[in-house]
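A.B. asks: Input structure: my_file.cif, which contains mmCIF, C-alpha atoms.
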data_model
loop_
_atom_site.group_PDB
_atom_site.id
_atom_site.type_symbol
_atom_site.label_atom_id
_atom_site.label_comp_id
_atom_site.auth_asym_id
_atom_site.auth_seq_id
_atom_site.Cartn_x
_atom_site.Cartn_y
_atom_site.Cartn_z
ATOM 1 C CA MET A 25 84.410 121.608 93.860
ATOM 2 C CA LEU A 26 84.073 121.921 97.637
ATOM 3 C CA GLY A 27 83.989 118.151 98.105
ATOM 4 C CA THR A 28 87.210 117.733 96.139
ATOM 5 C CA LEU A 29 88.939 120.507 98.082
ATOM 6 C CA VAL A 30 88.042 118.810 101.379
ATOM 7 C CA ASN A 31 89.308 115.501 99.942
ATOM 8 C CA VAL A 32 92.625 117.093 98.972
ATOM 9 C CA ALA A 33 93.029 118.623 102.436
ATOM 10 C CA ALA A 34 92.373 115.235 104.102
ATOM 11 C CA ILE A 35 95.070 113.562 101.979
ATOM 12 C CA VAL A 36 97.592 116.314 102.734
ATOM 13 C CA VAL A 37 96.986 116.125 106.483
ATOM 14 C CA GLY A 38 96.917 112.315 106.544
ATOM 15 C CA SER A 39 100.120 112.082 104.498
ATOM 16 C CA ALA A 40 101.917 114.516 106.777
ATOM 17 C CA VAL A 41 100.904 112.482 109.836
ATOM 18 C CA GLY A 42 101.879 109.198 108.156
ATOM 19 C CA ALA A 43 105.266 110.536 107.020
ATOM 20 C CA PHE A 44 105.953 111.619 110.619
ATOM 21 C CA LEU A 45 104.973 108.177 111.959
ATOM 22 C CA LYS A 46 107.140 106.448 109.339
ATOM 23 C CA MET A 47 110.251 107.190 111.371
ATOM 24 C CA GLY A 48 109.065 105.185 114.363
ATOM 25 C CA ILE A 49 107.510 102.083 112.739
ATOM 26 C CA PRO A 50 109.765 98.982 112.349
ATOM 27 C CA GLU A 51 110.040 97.597 108.808
ATOM 28 C CA ARG A 52 108.355 94.269 109.618
ATOM 29 C CA TYR A 53 105.262 96.115 110.866
ATOM 30 C CA LYS A 54 105.150 98.263 107.729
ATOM 31 C CA SER A 55 105.254 95.129 105.564
ATOM 32 C CA THR A 56 102.410 93.443 107.442
ATOM 33 C CA ILE A 57 100.313 96.625 107.476
ATOM 34 C CA MET A 58 100.779 97.065 103.727
ATOM 35 C CA GLN A 59 99.750 93.457 103.042
ATOM 36 C CA GLY A 60 96.599 93.919 105.099
ATOM 37 C CA LEU A 61 95.813 97.176 103.342
ATOM 38 C CA SER A 62 96.431 95.550 99.951
ATOM 39 C CA LEU A 63 93.907 92.820 100.720
ATOM 40 C CA SER A 64 91.413 95.448 101.887
ATOM 41 C CA VAL A 65 91.906 97.350 98.632
ATOM 42 C CA MET A 66 91.199 94.130 96.716
ATOM 43 C CA ILE A 67 87.913 93.595 98.590
ATOM 44 C CA ILE A 68 86.843 97.180 97.849
ATOM 45 C CA GLY A 69 87.664 96.701 94.175
ATOM 46 C CA LEU A 70 85.789 93.408 93.902
ATOM 47 C CA SER A 71 82.698 94.798 95.625
ATOM 48 C CA ASN A 72 82.567 97.680 93.145
ATOM 49 C CA ALA A 73 83.414 95.569 90.098
ATOM 50 C CA LEU A 74 80.496 93.200 90.718
ATOM 51 C CA LYS A 75 77.934 96.030 90.686
ATOM 52 C CA TYR A 76 78.068 96.405 86.897
ATOM 53 C CA ASN A 77 75.013 97.024 84.734
ATOM 54 C CA ASN A 78 76.337 95.735 81.402
ATOM 55 C CA LEU A 79 79.203 93.238 81.734
ATOM 56 C CA LEU A 80 79.926 93.261 77.992
ATOM 57 C CA LEU A 81 80.304 97.042 78.066
ATOM 58 C CA VAL A 82 82.710 96.762 81.003
ATOM 59 C CA ILE A 83 84.867 94.232 79.112
ATOM 60 C CA VAL A 84 84.852 96.197 75.851
ATOM 61 C CA SER A 85 85.632 99.404 77.742
ATOM 62 C CA LEU A 86 88.685 97.794 79.357
ATOM 63 C CA VAL A 87 89.939 96.652 75.949
ATOM 64 C CA ILE A 88 89.366 100.010 74.246
ATOM 65 C CA GLY A 89 90.641 101.937 77.251
ATOM 66 C CA GLY A 90 93.766 99.787 77.384
ATOM 67 C CA ILE A 91 94.521 100.487 73.724
ATOM 68 C CA ILE A 92 94.068 104.234 74.221
ATOM 69 C CA GLY A 93 96.086 104.285 77.439
ATOM 70 C CA GLU A 94 98.906 102.267 75.894
ATOM 71 C CA ALA A 95 99.027 104.607 72.907
ATOM 72 C CA ILE A 96 99.198 107.662 75.177
ATOM 73 C CA GLY A 97 101.565 105.974 77.623
ATOM 74 C CA ILE A 98 99.676 107.052 80.751
ATOM 75 C CA GLU A 99 101.525 104.609 83.001
ATOM 76 C CA TYR A 100 104.861 105.899 81.720
ATOM 77 C CA LEU A 101 103.811 109.507 82.265
ATOM 78 C CA LEU A 102 102.621 108.780 85.816
ATOM 79 C CA ASN A 103 105.871 107.027 86.665
ATOM 80 C CA LYS A 104 107.865 109.829 85.061
ATOM 81 C CA LEU A 105 105.999 112.355 87.181
ATOM 82 C CA GLY A 106 106.597 110.157 90.216
ATOM 83 C CA ASP A 107 110.323 110.053 89.418
ATOM 84 C CA ILE A 108 110.376 113.861 89.272
ATOM 85 C CA VAL A 109 108.748 114.016 92.707
ATOM 86 C CA HIS A 110 111.232 111.377 93.879
ATOM 87 C CA SER A 111 114.241 113.368 92.656
ATOM 88 C CA LYS A 112 112.993 116.531 94.319
ATOM 89 C CA MET A 113 112.191 114.918 97.657
ATOM 90 C CA SER A 114 114.565 111.990 98.187
ATOM 91 C CA ASN A 115 117.942 113.777 97.959
ATOM 92 C CA GLY A 116 119.316 110.838 96.016
ATOM 93 C CA SER A 117 118.377 108.236 98.617
ATOM 94 C CA ASN A 118 116.743 104.947 97.712
ATOM 95 C CA SER A 119 113.270 105.915 98.865
ATOM 96 C CA SER A 120 109.813 104.829 97.702
ATOM 97 C CA VAL A 121 108.578 108.363 97.023
ATOM 98 C CA SER A 122 107.717 107.631 93.386
ATOM 99 C CA LYS A 123 105.908 104.378 94.189
ATOM 100 C CA GLY A 124 103.914 106.072 96.936
ATOM 101 C CA PHE A 125 102.849 108.884 94.616
ATOM 102 C CA VAL A 126 101.731 106.591 91.777
ATOM 103 C CA THR A 127 100.030 103.991 93.986
ATOM 104 C CA ALA A 128 98.140 106.534 96.094
ATOM 105 C CA SER A 129 97.152 108.582 93.027
ATOM 106 C CA LEU A 130 95.598 105.557 91.348
ATOM 107 C CA ILE A 131 93.828 104.255 94.460
ATOM 108 C CA PHE A 132 92.369 107.636 95.383
ATOM 109 C CA CYS A 133 91.212 108.332 91.803
ATOM 110 C CA VAL A 134 89.770 105.181 90.244
ATOM 111 C CA GLY A 135 87.326 104.092 92.937
ATOM 112 C CA ALA A 136 83.560 104.304 92.690
ATOM 113 C CA MET A 137 83.409 107.018 95.346
ATOM 114 C CA ALA A 138 85.763 109.243 93.340
ATOM 115 C CA ILE A 139 83.644 108.885 90.203
ATOM 116 C CA VAL A 140 80.153 108.983 91.695
ATOM 117 C CA GLY A 141 81.107 111.574 94.309
ATOM 118 C CA ALA A 142 82.569 113.948 91.742
ATOM 119 C CA LEU A 143 79.545 113.457 89.471
ATOM 120 C CA LYS A 144 77.091 114.217 92.277
ATOM 121 C CA ASP A 145 79.170 117.238 93.234
ATOM 122 C CA GLY A 146 78.878 118.576 89.692
ATOM 123 C CA LEU A 147 75.311 117.527 88.923
ATOM 124 C CA GLU A 148 73.551 118.184 92.228
ATOM 125 C CA GLY A 149 75.989 120.123 94.415
ATOM 126 C CA ASP A 150 75.892 117.130 96.786
ATOM 127 C CA HIS A 151 79.242 116.815 98.579
ATOM 128 C CA SER A 152 78.279 113.999 100.958
ATOM 129 C CA ILE A 153 80.010 111.146 99.083
ATOM 130 C CA LEU A 154 83.251 113.111 98.712
ATOM 131 C CA TYR A 155 83.108 114.052 102.398
ATOM 132 C CA ALA A 156 82.902 110.354 103.276
ATOM 133 C CA LYS A 157 85.695 109.608 100.801
ATOM 134 C CA SER A 158 87.788 112.324 102.441
ATOM 135 C CA MET A 159 87.647 110.503 105.765
ATOM 136 C CA LEU A 160 88.626 107.194 104.161
ATOM 137 C CA ASP A 161 91.409 108.743 102.065
ATOM 138 C CA GLY A 162 92.714 110.626 105.077
ATOM 139 C CA ILE A 163 93.063 107.385 107.053
ATOM 140 C CA ALA A 164 94.493 105.506 104.061
ATOM 141 C CA SER A 165 97.027 108.266 103.409
ATOM 142 C CA ILE A 166 98.315 107.915 106.976
ATOM 143 C CA VAL A 167 98.932 104.202 106.387
ATOM 144 C CA PHE A 168 100.407 104.701 102.911
ATOM 145 C CA ALA A 169 102.670 107.563 103.977
ATOM 146 C CA SER A 170 103.875 105.595 107.008
ATOM 147 C CA THR A 171 105.127 103.000 104.512
ATOM 148 C CA PHE A 172 105.972 104.908 101.314
ATOM 149 C CA GLY A 173 106.777 108.313 102.773
ATOM 150 C CA ILE A 174 105.962 111.859 101.722
ATOM 151 C CA GLY A 175 105.337 110.935 98.060
ATOM 152 C CA VAL A 176 101.760 110.054 99.028
ATOM 153 C CA LEU A 177 101.100 113.716 99.819
ATOM 154 C CA PHE A 178 101.609 114.704 96.177
ATOM 155 C CA SER A 179 98.786 112.377 95.114
ATOM 156 C CA SER A 180 96.512 115.166 96.379
ATOM 157 C CA VAL A 181 97.398 117.122 93.226
ATOM 158 C CA THR A 182 96.295 114.197 91.053
ATOM 159 C CA VAL A 183 93.029 113.909 93.000
ATOM 160 C CA PHE A 184 92.372 117.628 92.607
ATOM 161 C CA ILE A 185 92.869 117.525 88.827
ATOM 162 C CA TYR A 186 90.982 114.242 88.266
ATOM 163 C CA GLN A 187 87.944 114.807 90.493
ATOM 164 C CA GLY A 188 87.830 118.491 89.627
ATOM 165 C CA PHE A 189 87.694 117.645 85.924
ATOM 166 C CA ILE A 190 84.844 115.155 86.437
ATOM 167 C CA THR A 191 82.924 117.668 88.561
ATOM 168 C CA LEU A 192 83.292 120.435 86.001
ATOM 169 C CA MET A 193 82.361 118.165 83.083
ATOM 170 C CA ALA A 194 79.362 116.620 84.860
ATOM 171 C CA SER A 195 77.094 119.586 84.194
ATOM 172 C CA PHE A 196 77.870 119.381 80.465
ATOM 173 C CA LEU A 197 77.316 115.612 80.317
ATOM 174 C CA LYS A 198 74.245 115.283 82.548
ATOM 175 C CA ASP A 199 72.118 113.844 79.713
ATOM 176 C CA LEU A 200 74.640 111.029 79.236
ATOM 177 C CA LEU A 201 75.287 110.197 82.889
ATOM 178 C CA ILE A 202 72.284 107.994 83.561
ATOM 179 C CA ASN A 203 72.445 105.525 86.447
ATOM 180 C CA PRO A 204 73.349 102.405 84.366
ATOM 181 C CA ILE A 205 76.293 104.247 82.791
ATOM 182 C CA ILE A 206 77.504 105.469 86.180
ATOM 183 C CA ALA A 207 77.219 101.884 87.491
ATOM 184 C CA ASP A 208 79.423 100.574 84.680
ATOM 185 C CA MET A 209 81.950 103.386 85.166
ATOM 186 C CA SER A 210 82.134 102.461 88.851
ATOM 187 C CA ALA A 211 82.489 98.764 88.004
ATOM 188 C CA ILE A 212 85.424 99.500 85.690
ATOM 189 C CA GLY A 213 86.980 101.536 88.493
ATOM 190 C CA GLY A 214 86.538 98.508 90.753
ATOM 191 C CA VAL A 215 88.369 96.261 88.282
ATOM 192 C CA LEU A 216 91.256 98.728 88.200
ATOM 193 C CA ILE A 217 91.385 98.785 92.006
ATOM 194 C CA VAL A 218 91.771 94.990 91.995
ATOM 195 C CA GLY A 219 94.686 95.487 89.592
ATOM 196 C CA ILE A 220 96.250 97.983 91.993
ATOM 197 C CA SER A 221 95.953 95.519 94.877
ATOM 198 C CA LEU A 222 97.767 92.852 92.820
ATOM 199 C CA ASN A 223 100.548 95.352 92.166
ATOM 200 C CA MET A 224 100.753 96.223 95.855
ATOM 201 C CA LEU A 225 101.072 92.535 96.733
ATOM 202 C CA ASP A 226 103.772 92.082 94.034
ATOM 203 C CA ILE A 227 101.701 89.301 92.475
ATOM 204 C CA LYS A 228 101.577 90.823 88.996
ATOM 205 C CA ASN A 229 102.711 94.099 87.464
ATOM 206 C CA ILE A 230 99.527 95.428 85.859
ATOM 207 C CA LYS A 231 99.658 98.731 83.973
ATOM 208 C CA VAL A 232 96.628 100.170 85.720
ATOM 209 C CA GLY A 233 97.449 103.681 84.527
ATOM 210 C CA ASN A 234 97.110 102.615 80.901
ATOM 211 C CA LEU A 235 93.634 101.265 81.647
ATOM 212 C CA LEU A 236 92.320 104.539 83.085
ATOM 213 C CA PRO A 237 90.613 105.693 79.818
ATOM 214 C CA ALA A 238 88.325 102.651 80.130
ATOM 215 C CA ILE A 239 86.377 104.450 82.867
ATOM 216 C CA PHE A 240 85.093 107.015 80.363
ATOM 217 C CA VAL A 241 84.276 104.650 77.465
ATOM 218 C CA PRO A 242 80.682 104.031 78.752
ATOM 219 C CA VAL A 243 80.006 107.783 78.383
ATOM 220 C CA VAL A 244 81.054 107.614 74.719
ATOM 221 C CA TYR A 245 78.885 104.518 74.293
ATOM 222 C CA GLN A 246 75.863 106.357 75.672
ATOM 223 C CA LEU A 247 76.589 109.336 73.399
ATOM 224 C CA ILE A 248 76.658 107.052 70.353
ATOM 225 C CA LYS A 249 73.336 105.502 71.426
ATOM 226 C CA LEU A 250 71.718 108.930 71.658
ATOM 227 C CA ILE A 251 73.106 110.121 68.302
ATOM 228 C CA PHE A 252 71.985 107.043 66.387
ATOM 229 C CA HIS A 253 68.816 106.467 68.495
ATOM 230 C CA LEU A 254 69.877 102.928 69.379
#
Once you've parsed the file, please lay out its structure as structure tokens.
C.D. replies:
Amino acid sequence: MLGTLVNVAAIVVGSAVGAFLKMGIPERYKSTIMQGLSLSVMIIGLSNALKYNNLLLVIVSLVIGGIIGEAIGIEYLLNKLGDIVHSKMSNGSNSSVSKGFVTASLIFCVGAMAIVGALKDGLEGDHSILYAKSMLDGIASIVFASTFGIGVLFSSVTVFIYQGFITLMASFLKDLLINPIIADMSAIGGVLIVGISLNMLDIKNIKVGNLLPAIFVPVVYQLIKLIFHL
């Protein structure tokens, strides 16, 4: 869990710095910075998405995951939680606290580094990937918070719960988490990151939150293969 704790601390510090800088950055600069960051997020997502092992499994996982996520209403729950943060922090003003919380939570959680880093943390006690992710998330949180505000800071709670859960479960699922399955989980995360970038650019409103269960479908697939000796 050490890697996740360092990651959380980096987001908190970066968000605090970004929220402070927000006051002195003109709106036109914020818009241009966010567009550049959105395009960078898209490149990261594409690079991860193309490193799949089984393309059919990635597609099926997105379909199944979307059905599960829609049934649970994950996107709705995330936005509801973001609205609660908004109401507590914005004092009734028209701020982007909720959007910052949801966007940052998704970006920091669904990437390949979050998945693989948390797995290595749990399986091998190797924190190196999460340390590297901490540096990237810290810098990204400065940029996000300078645009969206303090809502980005609360994404650290989401990161703690999500990566902490994967780390804790990794030791129980080590027989299922073979390299091809991890590759497909990372590829699905990459697809979701592309969806986030499209949302950030206001090109299309994709319910990325409802697709989150897709990341874990390959683990179930591997479990079924082992049970039925496929």
A.B. asks: Counting only C-alpha atoms, which residue out of A:Leu200, A:Leu160, A:Met209, A:Ile92 sits closest to Ile251 in chain A?
C.D. replies: A:Leu200
A.B. asks: Report, in Å with one decimal, the straight-line distance from CA of Asp208 in chain A to CA of Gly135 in chain A.
C.D. replies: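 Rounded to one decimal, the two atoms are 12.0 Å apart.
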A.B. asks: With a distance cut-off of 10 Å and only C-alpha atoms, select the neighbouring residues of Ile98 in chain A, excluding the residue or stretch itself and same-chain residues fewer than 2 positions from it, and output the selection as a ChimeraX atom specification.
C.D. replies: /A:90,92-96,100-104,231-237
A.B. asks: As JSON, please report the centre and edge lengths, rounded to one decimal in Å, of the axis-aligned box that holds all listed atoms of range 121-133 of chain A with 8 Å of padding on each of the six sides.
C.D. replies:
{"center_x": 99.9, "center_y": 106.4, "center_z": 94.2, "size_x": 33.4, "size_y": 20.9, "size_z": 21.7}
A.B. asks: Write out as number ranges by chain each polymer residue whose atoms come within 10 Å of range 139-156 of chain A, counting all atoms listed in the file; drop sequence neighbours fewer than 3 positions from it.
C.D. replies: A: 25-31, 34, 133-136, 159-162, 186-198, 201, 203, 206-207, 209-210, 213, 239
A.B. asks: Distance CA of Ile174 in chain A-CA of Ala43 in chain A, one decimal place?
C.D. replies: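 Between these atoms lies a distance of 5.5 Å.
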A.B. asks: Please, what distance in Å, to one decimal, runs between CA of Ile163 in chain A and CA of Ile131 in chain A?
C.D. replies: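 Taking CA of Ile163 in chain A as the start and CA of Ile131 in chain A as the end point, the length is 13.0 Å.
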A.B. asks: Smallest atom-to-atom distance to Gly173 in chain A: which of A:Ala40, A:Ile230, A:Met66, A:Ile91, using all atoms listed in the file?
C.D. replies: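 Closest candidate: A:Ala40.
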A.B. asks: The PyMOL selection byres ((chain A and resi 121) around 7) - which residues does that actually catch in the file I just gave you? List them as a PyMOL selection string.
C.D. replies: chain A and resi 110+119-120+122-125+172-175
A.B. asks: Quick one: which residues end up in the PyMOL selection byres ((chain A and resi 166) around 7) for this structure, as a ChimeraX atom specification?
C.D. replies: /A:38-39,41-42,162-165,167-170
A.B. asks: Give me a file of those residues, with C-alpha atoms, as a PDB file, keeping the file's coordinate frame.
C.D. replies:
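File written: out.pdb
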ATOM      1  CA  GLY A  38      96.917 112.315 106.544  1.00  0.00           C
ATOM      2  CA  SER A  39     100.120 112.082 104.498  1.00  0.00           C
ATOM      3  CA  VAL A  41     100.904 112.482 109.836  1.00  0.00           C
ATOM      4  CA  GLY A  42     101.879 109.198 108.156  1.00  0.00           C
ATOM      5  CA  GLY A 162      92.714 110.626 105.077  1.00  0.00           C
ATOM      6  CA  ILE A 163      93.063 107.385 107.053  1.00  0.00           C
ATOM      7  CA  ALA A 164      94.493 105.506 104.061  1.00  0.00           C
ATOM      8  CA  SER A 165      97.027 108.266 103.409  1.00  0.00           C
ATOM      9  CA  VAL A 167      98.932 104.202 106.387  1.00  0.00           C
ATOM     10  CA  PHE A 168     100.407 104.701 102.911  1.00  0.00           C
ATOM     11  CA  ALA A 169     102.670 107.563 103.977  1.00  0.00           C
ATOM     12  CA  SER A 170     103.875 105.595 107.008  1.00  0.00           C
TER      13      SER A 170
END
A.B. asks: Which is closest to Val32 in chain A among A:Arg52, A:Lys75, A:Lys157, A:Lys46, if we use only C-alpha atoms?
C.D. replies: A:Lys157
A.B. asks: Neighbours of Gln246 in chain A within 9 Å (all atoms listed in the file; same-chain residues fewer than 2 positions away dropped), as JSON, numbers by chain?
C.D. replies: {"A": [200, 201, 202, 205, 241, 242, 243, 244, 248, 249, 250, 251]}
A.B. asks: Measuring between only C-alpha atoms, which one of A:Met224, A:Ile212, A:Leu247, A:Val218 shows the shortest distance to Asn78 in chain A?
C.D. replies: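 Of A:Met224, A:Ile212, A:Leu247, A:Val218, the one nearest Asn78 in chain A is A:Ile212, counting only C-alpha atoms.
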A.B. asks: Given all atoms listed in the file as the basis, pick out the residue of A:Pro204, A:Thr171, A:Val181, A:Gly214 nearest to Ile57 in chain A.
C.D. replies: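 Closest candidate: A:Thr171.
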A.B. asks: My list of candidates is A:Leu45, A:Leu74, A:Ile67, A:Val126. Which is closest to Leu105 in chain A when distances are computed with only C-alpha atoms?
C.D. replies: A:Val126
